[in-house]
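Next up, data.txt (compact mmCIF, C-alpha atoms):
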# COMPACT_ATOMS: atom_id res chain seq x y z
CA MET A 1 -30.97 39.30 27.31
CA THR A 2 -29.05 38.24 24.17
CA GLU A 3 -29.35 34.54 23.35
CA ARG A 4 -25.98 32.81 23.46
CA ALA A 5 -24.84 31.32 20.14
CA PRO A 6 -24.36 27.52 20.22
CA SER A 7 -20.83 26.16 20.32
CA PRO A 8 -19.37 24.78 17.08
CA LEU A 9 -20.32 21.14 16.51
CA LEU A 10 -17.87 18.81 14.73
CA LEU A 11 -19.37 15.62 13.26
CA ILE A 12 -17.54 12.61 11.77
CA HIS A 13 -19.49 9.81 10.08
CA PRO A 14 -18.81 7.00 10.41
CA SER A 15 -16.66 7.54 13.47
CA ARG A 16 -15.58 3.91 13.34
CA GLY A 17 -14.83 2.13 10.07
CA LEU A 18 -12.27 0.35 7.89
CA ILE A 19 -9.16 2.22 6.83
CA ASP A 20 -10.30 2.18 3.19
CA GLU A 21 -13.79 3.48 4.01
CA LYS A 22 -14.59 7.13 3.36
CA PHE A 23 -15.91 9.33 6.15
CA SER A 24 -17.63 12.70 6.13
CA VAL A 25 -16.52 15.70 8.19
CA ILE A 26 -19.03 18.45 8.95
CA VAL A 27 -18.74 21.53 11.18
CA GLN A 28 -21.99 23.20 12.26
CA HIS A 29 -22.93 26.29 14.30
CA LEU A 30 -20.03 28.44 13.10
CA PRO A 31 -20.44 32.17 12.49
CA PRO A 32 -21.15 32.88 8.80
CA PHE A 33 -18.16 33.27 6.47
CA ILE A 34 -15.55 32.59 9.14
CA GLU A 35 -12.12 31.13 8.36
CA ILE A 36 -11.37 27.83 10.08
CA THR A 37 -8.72 25.10 9.96
CA LEU A 38 -9.59 21.43 10.17
CA HIS A 39 -6.69 19.46 11.65
CA ALA A 40 -6.14 15.69 11.90
CA LEU A 41 -3.57 14.07 14.19
CA ILE A 42 -2.37 10.45 14.50
CA HIS A 43 -0.04 9.03 17.15
CA SER A 44 1.66 6.16 15.30
CA ASP A 45 2.58 2.74 16.67
CA ASP A 46 6.21 3.93 16.48
CA GLY A 47 5.43 6.83 18.81
CA ASP A 48 5.56 9.56 16.17
CA LEU A 49 2.97 12.25 15.48
CA TRP A 50 1.51 12.76 12.00
CA GLU A 51 -0.76 15.61 10.98
CA ALA A 52 -2.76 17.05 8.11
CA PHE A 53 -4.86 20.20 7.87
CA GLY A 54 -7.09 22.08 5.48
CA HIS A 55 -8.30 25.68 5.36
CA TYR A 56 -12.02 26.32 4.95
CA VAL A 57 -14.54 29.17 5.12
CA SER A 58 -18.04 28.59 6.53
CA ASP A 59 -21.07 29.36 4.40
CA ALA A 60 -23.91 31.77 5.16
CA THR A 61 -25.48 29.25 7.55
CA GLY A 62 -22.23 28.66 9.48
CA LEU A 63 -21.61 25.24 7.91
CA VAL A 64 -18.48 23.55 6.54
CA ASN A 65 -18.90 20.20 4.78
CA VAL A 66 -15.65 18.65 3.59
CA ASP A 67 -17.56 16.55 1.04
CA SER A 68 -18.78 19.65 -0.79
CA ASN A 69 -16.45 22.49 0.29
CA ALA A 70 -12.96 22.93 -1.14
CA SER A 71 -9.89 23.39 1.01
CA LEU A 72 -8.24 26.74 0.28
CA GLY A 73 -4.83 25.61 1.51
CA GLY A 74 -2.95 23.49 4.03
CA THR A 75 -1.48 20.04 3.37
CA TYR A 76 -4.06 19.61 0.58
CA ASP A 77 -6.31 21.88 -1.43
CA GLY A 78 -9.42 21.64 -3.52
CA LEU A 79 -12.38 19.33 -3.06
CA GLU A 80 -10.71 16.41 -1.29
CA PRO A 81 -13.05 14.66 1.17
CA MET A 82 -10.27 12.35 2.44
CA GLY A 83 -7.41 14.87 2.33
CA LEU A 84 -7.23 14.91 6.12
CA LEU A 85 -5.88 11.36 5.93
CA TRP A 86 -3.87 10.97 2.74
CA SER A 87 -1.99 14.27 3.08
CA MET A 88 -0.67 13.43 6.54
CA ARG A 89 2.99 14.15 7.24
CA PRO A 90 5.22 14.02 10.32
CA VAL A 91 4.78 17.04 12.58
CA PRO A 92 7.62 19.61 12.48
CA GLY A 93 10.66 18.45 14.40
CA SER A 94 10.02 14.74 13.83
CA ARG A 95 12.68 12.18 13.06
CA LEU A 96 13.88 12.03 9.45
CA GLY A 97 12.62 9.44 6.96
CA LEU A 98 9.44 8.28 8.71
CA ARG A 99 6.83 6.03 7.15
CA LEU A 100 3.38 5.57 8.70
CA ARG A 101 2.68 1.84 8.94
CA LYS A 102 0.32 0.00 11.30
CA LYS A 103 2.08 -2.66 13.34
CA GLU A 104 -0.66 -3.72 15.74
CA VAL A 105 -3.57 -4.49 13.42
CA ASN A 106 -5.79 -5.63 16.29
CA THR A 107 -5.99 -2.00 17.45
CA PRO A 108 -7.37 0.93 15.42
CA VAL A 109 -5.64 3.91 13.92
CA VAL A 110 -6.95 6.66 16.20
CA VAL A 111 -7.45 9.97 14.39
CA THR A 112 -8.13 13.12 16.40
CA ILE A 113 -9.87 15.71 14.24
CA SER A 114 -10.14 19.27 15.52
CA VAL A 115 -11.41 22.61 14.26
CA TYR A 116 -9.52 25.86 14.94
CA ARG A 117 -10.43 29.47 14.32
CA GLY A 118 -8.50 31.09 11.47
CA HIS A 119 -6.24 29.64 8.81
CA MET A 120 -3.36 28.02 10.71
CA GLY A 121 -0.28 26.21 9.48
CA GLN A 122 1.54 25.46 12.72
CA GLY A 123 1.33 25.68 16.49
CA PHE A 124 -1.81 23.56 16.78
CA ASN A 125 -0.74 22.16 20.15
CA GLU A 126 -0.46 25.72 21.48
CA GLN A 127 -4.03 26.67 20.60
CA THR A 128 -7.38 25.64 22.03
CA ALA A 129 -9.60 23.88 19.50
CA LEU A 130 -13.18 25.03 18.98
CA ALA A 131 -14.19 21.36 18.92
CA SER A 132 -12.54 17.93 18.63
CA VAL A 133 -13.68 14.38 17.89
CA VAL A 134 -11.95 11.01 17.65
CA ALA A 135 -12.38 8.58 14.75
CA GLU A 136 -11.22 4.96 14.64
CA ARG A 137 -9.87 3.47 11.43
CA TRP A 138 -9.46 -0.31 11.40
CA TYR A 139 -7.62 -2.77 9.20
CA MET A 140 -9.51 -5.70 10.79
CA ALA A 141 -13.27 -5.78 10.40
CA PRO A 142 -15.34 -7.29 13.23
CA GLY A 143 -15.06 -11.07 13.17
CA VAL A 144 -11.76 -11.25 11.26
CA ARG A 145 -9.44 -13.77 12.89
CA ARG A 146 -5.66 -13.46 13.19
CA LEU A 147 -3.58 -16.67 13.40
CA ASP A 148 0.19 -16.91 13.91
CA ILE A 149 1.73 -19.38 11.46
CA THR A 150 4.94 -21.22 12.35
CA GLU A 151 4.70 -24.60 10.67
CA ALA A 152 6.26 -26.49 7.78
CA GLY A 153 9.20 -24.08 8.08
CA VAL A 154 6.91 -21.16 7.20
CA THR A 155 6.55 -17.98 9.28
CA GLY A 156 3.69 -15.60 8.77
CA THR A 157 0.24 -14.48 9.88
CA LEU A 158 -3.01 -15.82 8.45
CA PHE A 159 -6.10 -13.62 8.51
CA LEU A 160 -9.47 -15.30 8.06
CA PRO A 161 -12.68 -13.41 7.24
CA SER A 162 -15.68 -13.64 9.51
CA GLY A 163 -18.03 -16.52 8.75
CA PRO A 164 -17.75 -20.28 8.41
CA GLY A 165 -15.65 -20.46 5.23
CA PRO A 166 -13.94 -21.89 3.34
CA PHE A 167 -12.69 -18.75 1.60
CA PRO A 168 -10.71 -17.84 -1.52
CA ALA A 169 -7.21 -16.99 -0.38
CA LEU A 170 -4.21 -14.77 -1.01
CA LEU A 171 -0.49 -15.15 -0.45
CA ASP A 172 0.66 -11.64 0.48
CA LEU A 173 4.28 -10.76 -0.33
CA TRP A 174 5.89 -7.45 0.61
CA GLY A 175 9.15 -6.05 -0.72
CA GLY A 176 12.88 -6.14 -0.17
CA GLY A 177 12.73 -4.58 3.28
CA GLY A 178 11.78 -7.97 4.69
CA GLY A 179 9.96 -8.52 7.95
CA LEU A 180 6.38 -9.46 8.67
CA VAL A 181 3.93 -6.83 7.44
CA GLU A 182 0.33 -7.60 8.33
CA TYR A 183 -1.91 -4.62 7.64
CA ARG A 184 -2.66 -5.27 3.96
CA SER A 185 -3.57 -8.90 4.69
CA ALA A 186 -5.82 -7.82 7.55
CA LEU A 187 -7.65 -5.41 5.25
CA LEU A 188 -7.96 -7.99 2.47
CA ALA A 189 -9.47 -10.44 4.97
CA SER A 190 -11.94 -7.71 5.88
CA HIS A 191 -13.05 -7.88 2.22
CA GLY A 192 -13.66 -11.62 2.28
CA PHE A 193 -10.29 -13.18 1.38
CA ALA A 194 -8.21 -15.42 3.62
CA SER A 195 -4.77 -13.81 3.44
CA LEU A 196 -1.37 -15.10 4.53
CA ALA A 197 1.15 -12.33 5.21
CA LEU A 198 4.43 -14.12 4.65
CA GLU A 199 7.66 -13.25 6.43
CA TYR A 200 10.80 -13.70 4.38
CA MET A 201 14.29 -12.21 3.95
CA THR A 202 14.78 -11.92 7.70
CA PRO A 203 17.09 -13.83 10.06
CA ARG A 204 14.09 -15.74 11.42
CA THR A 205 13.25 -17.18 8.01
CA SER A 206 16.64 -17.41 6.34
CA GLY A 207 18.78 -18.49 9.29
CA ASP A 208 21.07 -15.48 9.23
CA SER A 209 21.13 -11.93 7.86
CA THR A 210 23.29 -12.65 4.81
CA SER A 211 21.33 -15.45 3.13
CA HIS A 212 17.88 -15.71 1.60
CA VAL A 213 15.16 -18.30 1.61
CA GLY A 214 14.98 -20.55 -1.41
CA ASN A 215 12.05 -20.97 -3.76
CA GLU A 216 11.00 -23.99 -1.71
CA TYR A 217 9.99 -21.61 1.08
CA PHE A 218 7.39 -19.89 -1.08
CA GLU A 219 6.17 -23.26 -2.35
CA ALA A 220 5.79 -24.47 1.25
CA ALA A 221 3.80 -21.33 2.09
CA PHE A 222 1.50 -21.79 -0.91
CA THR A 223 0.99 -25.47 -0.05
CA LEU A 224 0.23 -24.63 3.57
CA LEU A 225 -2.37 -22.12 2.46
CA LYS A 226 -3.84 -24.52 -0.09
CA GLN A 227 -4.27 -27.26 2.50
CA HIS A 228 -5.78 -25.08 5.22
CA PRO A 229 -9.33 -26.23 6.04
CA GLN A 230 -10.68 -22.67 5.83
CA VAL A 231 -9.26 -22.10 2.33
CA CYS A 232 -10.63 -22.98 -1.11
CA GLY A 233 -7.50 -24.70 -2.37
CA ASP A 234 -8.19 -24.05 -6.04
CA ARG A 235 -8.90 -20.33 -5.55
CA ILE A 236 -5.63 -18.80 -4.40
CA ALA A 237 -4.02 -15.62 -5.74
CA ILE A 238 -0.71 -13.94 -4.99
CA VAL A 239 -0.51 -10.23 -4.16
CA GLY A 240 2.96 -8.71 -4.24
CA LEU A 241 4.58 -5.30 -3.90
CA SER A 242 7.97 -4.50 -5.39
CA PHE A 243 10.30 -7.45 -4.80
CA GLY A 244 7.37 -9.56 -3.62
CA ALA A 245 5.66 -9.01 -6.97
CA SER A 246 8.79 -10.12 -8.79
CA VAL A 247 8.79 -13.30 -6.69
CA ALA A 248 5.13 -13.82 -7.57
CA LEU A 249 5.84 -13.60 -11.31
CA GLY A 250 8.75 -16.02 -11.13
CA MET A 251 6.87 -18.56 -9.04
CA ALA A 252 3.74 -18.42 -11.20
CA VAL A 253 5.71 -19.13 -14.38
CA TYR A 254 8.34 -21.64 -13.21
CA SER A 255 7.06 -23.42 -10.10
CA THR A 256 5.24 -26.73 -10.50
CA VAL A 257 3.82 -26.34 -6.98
CA ILE A 258 2.52 -22.77 -7.06
CA GLN A 259 -0.47 -22.52 -9.40
CA PRO A 260 -2.31 -19.28 -8.57
CA ARG A 261 -5.69 -18.36 -9.98
CA CYS A 262 -4.40 -14.81 -10.61
CA LEU A 263 -1.70 -12.29 -9.61
CA VAL A 264 -1.72 -8.68 -8.44
CA CYS A 265 1.72 -7.15 -8.96
CA VAL A 266 2.36 -3.65 -7.61
CA SER A 267 5.46 -1.66 -8.64
CA CYS A 268 7.29 -4.68 -10.00
CA SER A 269 9.75 -5.86 -12.59
CA HIS A 270 10.14 -9.19 -14.36
CA VAL A 271 13.91 -8.75 -14.68
CA GLN A 272 15.51 -11.67 -12.82
CA PRO A 273 17.47 -14.80 -13.74
CA VAL A 274 15.25 -17.52 -15.18
CA LYS A 275 14.24 -19.91 -12.37
CA GLY A 276 16.55 -17.96 -10.05
CA SER A 277 16.33 -17.82 -6.26
CA LEU A 278 16.35 -14.67 -4.13
CA SER A 279 20.10 -15.00 -3.76
CA ASP A 280 20.48 -15.17 -7.56
CA VAL A 281 18.34 -12.06 -7.98
CA PHE A 282 20.30 -10.06 -5.42
CA ALA A 283 23.58 -11.23 -6.94
CA ASP A 284 22.48 -9.96 -10.35
CA ILE A 285 21.37 -6.63 -8.93
CA SER A 286 24.64 -6.16 -7.06
CA LYS A 287 26.52 -6.44 -10.36
CA ASN A 288 24.87 -3.17 -11.39
CA ALA A 289 25.54 -1.33 -8.14
CA GLN A 290 27.43 1.32 -10.11
CA ASN A 291 24.09 2.36 -11.60
CA THR A 292 22.83 3.57 -8.22
CA ARG A 293 22.03 7.28 -8.37
CA TYR A 294 21.51 9.92 -5.70
CA ASP A 295 19.42 13.07 -5.79
CA GLU A 296 20.55 16.51 -4.65
CA GLU A 297 19.83 15.54 -1.03
CA ASN A 298 21.83 12.29 -1.28
CA ARG A 299 18.75 10.07 -1.30
CA VAL A 300 19.14 6.72 -3.07
CA ILE A 301 17.55 6.11 -6.49
CA TRP A 302 17.64 2.43 -7.46
CA ARG A 303 15.48 2.34 -10.59
CA ASP A 304 18.50 2.14 -12.92
CA LEU A 305 19.81 -1.10 -11.38
CA LEU A 306 17.66 -3.12 -13.80
CA LEU A 307 18.00 -0.81 -16.80
CA PRO A 308 18.12 -1.14 -19.68
CA ILE A 309 15.57 -3.95 -19.72
CA PRO A 310 17.60 -6.89 -21.04
CA THR A 311 16.89 -8.51 -24.38
CA ASP A 312 18.53 -11.75 -23.20
CA PRO A 313 15.59 -14.08 -22.42
CA THR A 314 17.57 -15.79 -19.63
CA LYS A 315 17.58 -12.50 -17.67
CA LYS A 316 13.82 -12.07 -17.27
CA VAL A 317 10.69 -14.06 -16.51
CA ASP A 318 9.21 -15.60 -19.63
CA MET A 319 5.90 -13.75 -19.51
CA GLY A 320 4.72 -15.66 -22.55
CA LYS A 321 4.39 -18.70 -20.29
CA LEU A 322 2.33 -16.95 -17.62
CA PRO A 323 -0.71 -19.21 -17.16
CA CYS A 324 -3.03 -16.90 -15.20
CA PRO A 325 -4.44 -13.35 -15.27
CA VAL A 326 -2.19 -10.64 -13.86
CA LEU A 327 -3.01 -7.10 -12.75
CA LEU A 328 0.00 -4.78 -13.01
CA ILE A 329 -0.15 -1.55 -10.99
CA VAL A 330 2.45 0.95 -12.17
CA GLY A 331 3.57 4.30 -10.77
CA GLU A 332 4.97 6.39 -13.60
CA ASP A 333 7.23 8.33 -11.19
CA ASP A 334 8.61 5.19 -9.52
CA GLN A 335 12.19 6.08 -8.53
CA ASN A 336 12.94 2.71 -6.97
CA TRP A 337 12.11 0.18 -9.68
CA PRO A 338 11.75 0.52 -13.48
CA ALA A 339 8.06 -0.36 -13.25
CA THR A 340 7.00 1.53 -16.39
CA GLU A 341 9.70 0.06 -18.62
CA SER A 342 9.11 -3.41 -17.18
CA ALA A 343 5.36 -3.22 -17.75
CA GLU A 344 5.88 -2.22 -21.38
CA ASP A 345 8.33 -5.09 -21.96
CA MET A 346 6.00 -7.58 -20.27
CA LYS A 347 3.18 -6.40 -22.52
CA GLN A 348 5.31 -6.88 -25.63
CA MET A 349 6.41 -10.35 -24.51
CA MET A 350 2.83 -11.41 -23.88
CA GLU A 351 1.56 -9.95 -27.16
CA LYS A 352 4.24 -11.86 -29.03
CA ALA A 353 3.37 -15.10 -27.20
CA GLY A 354 -0.38 -14.66 -27.67
CA ASN A 355 -1.37 -14.47 -23.99
CA SER A 356 -1.79 -10.69 -23.63
CA HIS A 357 -5.49 -11.30 -22.90
CA LEU A 358 -4.29 -12.28 -19.42
CA LEU A 359 -2.74 -8.84 -18.80
CA THR A 360 -4.44 -5.84 -17.21
CA THR A 361 -2.31 -2.74 -16.57
CA LEU A 362 -3.11 0.28 -14.42
CA SER A 363 -0.59 3.07 -14.96
CA TYR A 364 -0.70 6.29 -12.94
CA PRO A 365 1.13 9.59 -13.64
CA GLY A 366 2.72 11.35 -10.66
CA THR A 367 2.71 8.11 -8.68
CA GLY A 368 5.71 6.59 -6.92
CA HIS A 369 6.77 3.15 -5.77
CA LEU A 370 4.95 2.72 -2.47
CA ILE A 371 1.37 2.22 -3.65
CA GLU A 372 -0.53 1.38 -0.46
CA PRO A 373 -4.18 0.86 0.51
CA PRO A 374 -6.25 4.04 0.08
CA TYR A 375 -5.90 7.07 2.33
CA SER A 376 -2.47 5.91 3.53
CA PRO A 377 -0.16 8.95 3.62
CA HIS A 378 2.03 9.32 0.55
CA VAL A 379 5.68 8.74 1.45
CA ARG A 380 8.08 10.12 -1.15
CA VAL A 381 11.22 9.43 0.88
CA SER A 382 11.80 7.15 3.86
CA ASN A 383 14.39 5.18 5.77
CA PHE A 384 15.23 1.73 4.43
CA MET A 385 17.17 -0.97 6.25
CA MET A 386 19.50 -2.90 3.95
CA THR A 387 18.68 -6.58 4.45
CA GLN A 388 22.24 -7.87 4.29
CA THR A 389 24.29 -5.09 5.90
CA ARG A 390 21.55 -3.73 8.25
CA GLN A 391 22.63 -0.26 7.14
CA LYS A 392 19.92 2.39 7.24
CA ILE A 393 19.69 4.67 4.22
CA LEU A 394 17.23 7.23 2.84
CA VAL A 395 15.48 5.98 -0.31
CA LEU A 396 13.61 8.11 -2.85
CA TRP A 397 10.39 6.31 -3.76
CA GLY A 398 8.88 9.02 -5.95
CA GLY A 399 5.40 10.37 -6.55
CA ASP A 400 3.57 13.61 -5.78
CA THR A 401 1.12 13.61 -2.90
CA ALA A 402 -2.24 14.29 -4.59
CA PRO A 403 -1.89 12.13 -7.75
CA HIS A 404 -0.22 9.34 -5.78
CA SER A 405 -3.04 9.33 -3.24
CA HIS A 406 -5.70 9.31 -5.95
CA ALA A 407 -3.88 6.37 -7.58
CA GLN A 408 -3.94 4.45 -4.30
CA GLU A 409 -7.69 4.88 -4.02
CA ASP A 410 -8.40 3.93 -7.64
CA SER A 411 -6.03 0.96 -7.79
CA TRP A 412 -7.32 -0.51 -4.53
CA LYS A 413 -10.92 -0.49 -5.73
CA LYS A 414 -9.86 -2.16 -8.96
CA THR A 415 -7.69 -4.67 -7.09
CA ILE A 416 -10.65 -5.80 -4.99
CA THR A 417 -12.82 -6.04 -8.13
CA PHE A 418 -10.10 -8.04 -9.94
CA LEU A 419 -9.72 -10.47 -7.04
CA GLU A 420 -13.46 -10.90 -6.68
CA GLU A 421 -13.78 -11.60 -10.41
CA HIS A 422 -11.11 -14.29 -10.48
CA LEU A 423 -11.53 -15.84 -7.02
CA TYR A 424 -15.26 -15.58 -6.35
CA ARG A 425 -16.82 -15.58 -9.80
CA THR A 426 -16.23 -18.23 -12.45
CA THR A 427 -15.94 -16.27 -15.66
CA SER A 428 -13.81 -16.75 -18.71
CA VAL A 429 -10.77 -14.50 -19.06
CA THR A 430 -11.41 -11.67 -21.48
CA SER A 431 -8.99 -9.30 -23.12
CA GLN A 432 -8.54 -6.04 -21.28
CA SER A 433 -5.52 -3.79 -21.20
CA GLN A 434 -6.96 -1.17 -18.90
CA LEU A 435 -9.61 -1.49 -16.17

As structure tokens, what does this structure read like?
Amino acid sequence: MTERAPSPLLLIHPSRGLIDEKFSVIVQHLPPFIEITLHALIHSDDGDLWEAFGHYVSDATGLVNVDSNASLGGTYDGLEPMGLLWSMRPVPGSRLGLRLRKKEVNTPVVVTISVYRGHMGQGFNEQTALASVVAERWYMAPGVRRLDITEAGVTGTLFLPSGPGPFPALLDLWGGGGGLVEYRSALLASHGFASLALEYMTPRTSGDSTSHVGNEYFEAAFTLLKQHPQVCGDRIAIVGLSFGASVALGMAVYSTVIQPRCLVCVSCSHVQPVKGSLSDVFADISKNAQNTRYDEENRVIWRDLLLPIPTDPTKKVDMGKLPCPVLLIVGEDDQNWPATESAEDMKQMMEKAGNSHLLTTLSYPGTGHLIEPPYSPHVRVSNFMMTQTRQKILVLWGGDTAPHSHAQEDSWKKTITFLEEHLYRTTSVTSQSQL
């Protein structure tokens, strides 16, 4: 009697971990030199399905190891151990302009990974998988605490690391889309930083949909964080993306209340009226509305709204007065904000003023505007809700999937190192233009 061959065995390790933690994917007990497809599927908090897949061939022992075997095709190719996550895209037939973002950070991202016979590109739900496993990816590590903040006129969510504290802290500012976005703060708390995800530019914080909070709102948020009993009040940084990074620069230079230990500014510009409020910034931008461009598919390109970078010193933050270290993270294919041109002008301003030793710049080719925590799917285009008109448009953010994803992984590691250096370790600031 012929001995029956064992069924394929699909292994994921670790099956439960943080969203920025690598995992290994191994398939055993396959026939030798057989073509297979590894497929990953996520059901988002918005109810949409996202997928990624890679084509592999088993070796002479019937093994596929994603850490050491290259994908021959699919949504990614080459030796890409985490390609099953960062190359995710909406399944065919999905709504237009989706962006995968975690809304409920107290629940995991559930990833179903399956192996199919042959090299497939579609119809996964119509086929029976040879094997499937489920992996959990968390933004909140065990012991991280989530606290709703609605005091001193401030609205947000504070995440505290596990342990007794007090902890170095971060004020976390997202971009012009407004709303309360928690997942980055949750992940930063999982790395040992108290982090306040601040809500702003929404009716709940500004009173109505056509006005913006004043600079006093950000000062109140910083003060609240500084005075929290679980926070080291003299070890607070600001992390900002896009418009939030521009706010961070302005506050660090001009506010007498906000005195951060350091800044992390992702996809930002320093072009804004000196000591201006959000309303002043938006008013200036609206004057250049004629510079809005559209690509061949009528998707909005906003990067020219701030170009050319002004020479008038009253139109940009005086970077020569920046009192703390700043990490600039720049996508060289940013189609939303002139991040590259702004970074170069900031560098020149700081060199002229003699404080360029405070500047560290990470610049990435093929990378767009939405630089997220690692292994987040690259989103080149997505829907964007205009804060004032509530009109939904399609915005071109830029970037190509593989280089953008590699930039997210590299910049995140260096962000954590930068924050640890300036918030946990007491070292003198040294000159460094590139980490």

Could you give me the centre and size, in Å to one decimal, of an axis-aligned box around all listed atoms of region 192-197 of chain A with 4 Å added on every side, as AutoDock Vina command-line options?
--center_x -6.3 --center_y -13.5 --center_z 3.3 --size_x 22.8 --size_y 11.8 --size_z 11.8

Which residues are near Trp174 (chain A)? Cut-off 8 Å, all atoms listed in the file, ignore same chain within fewer than 5 positions. Put them as an MDAnalysis selection string. chainID A and resid 181 198 240:245

Using all atoms listed in the file: which of A:Leu11, A:Gln272, A:Leu396, A:Gln408 has the shortest distance to Ala131 (chain A): A:Leu11

Within 7 Å of Leu30 (chain A), counting all atoms listed in the file, which residues show up once you throw out same-chain ones fewer than 5 positions away? Write them as a PyMOL selection string, please. chain A and resi 8+58+62-63

Selected residue, from A:Asp410, A:Glu216, A:Glu51, A:Asp59, that lies nearest to Trp86 (chain A) when counting only C-alpha atoms: A:Glu51

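By all atoms listed in the file, and with residues fewer than 6 positions from Val274 (chain A) along its chain excluded, the set lying at most 9 Å from it is Gly250, Tyr254, Pro313, Thr314, Lys315, Lys316, Val317 and Asp318 of chain A.
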
Can you pull out the residues contacting region 290-305 of chain A? Cut-off 12 Å, using all atoms listed in the file, and skip same-chain residues under 5 positions away; I want them as a VMD selection string. chain A and resid 96 to 97 242 267 to 269 271 to 272 281 to 285 310 332 to 342 368 to 369 380 to 384 386 392 to 398

For CA of Val144 (chain A) and CA of Ser162 (chain A), quote the distance in Å rounded to one decimal.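 Distance reported for this atom pair: 4.9 Å.
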
Can you measure CA of Pro373 (chain A) to CA of Gly192 (chain A) for me? One decimal in Å is fine.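 Between these atoms lies a distance of 15.8 Å.
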
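For the choices A:Leu362, A:Val253, A:Glu136, A:His191, the atom-to-atom distance to Val266 (chain A) is smallest for A:Leu362 when using all atoms listed in the file.
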
As a check of understanding: the span from CA of Arg235 (chain A) to CA of Ile149 (chain A) is 20.1 Å

Skip Ile258 (chain A) itself and residues of its chain fewer than 6 positions away, then list as an mmCIF file with C-alpha atoms, in the frame of the given file all residues within 9 Å of it, counting only C-alpha atoms.
data_model
loop_
_atom_site.group_PDB
_atom_site.id
_atom_site.type_symbol
_atom_site.label_atom_id
_atom_site.label_comp_id
_atom_site.auth_asym_id
_atom_site.auth_seq_id
_atom_site.Cartn_x
_atom_site.Cartn_y
_atom_site.Cartn_z
ATOM 1 C CA PHE A 218 7.390 -19.890 -1.080
ATOM 2 C CA GLU A 219 6.170 -23.260 -2.350
ATOM 3 C CA PHE A 222 1.500 -21.790 -0.910
ATOM 4 C CA THR A 223 0.990 -25.470 -0.050
ATOM 5 C CA MET A 251 6.870 -18.560 -9.040
ATOM 6 C CA ALA A 252 3.740 -18.420 -11.200
#
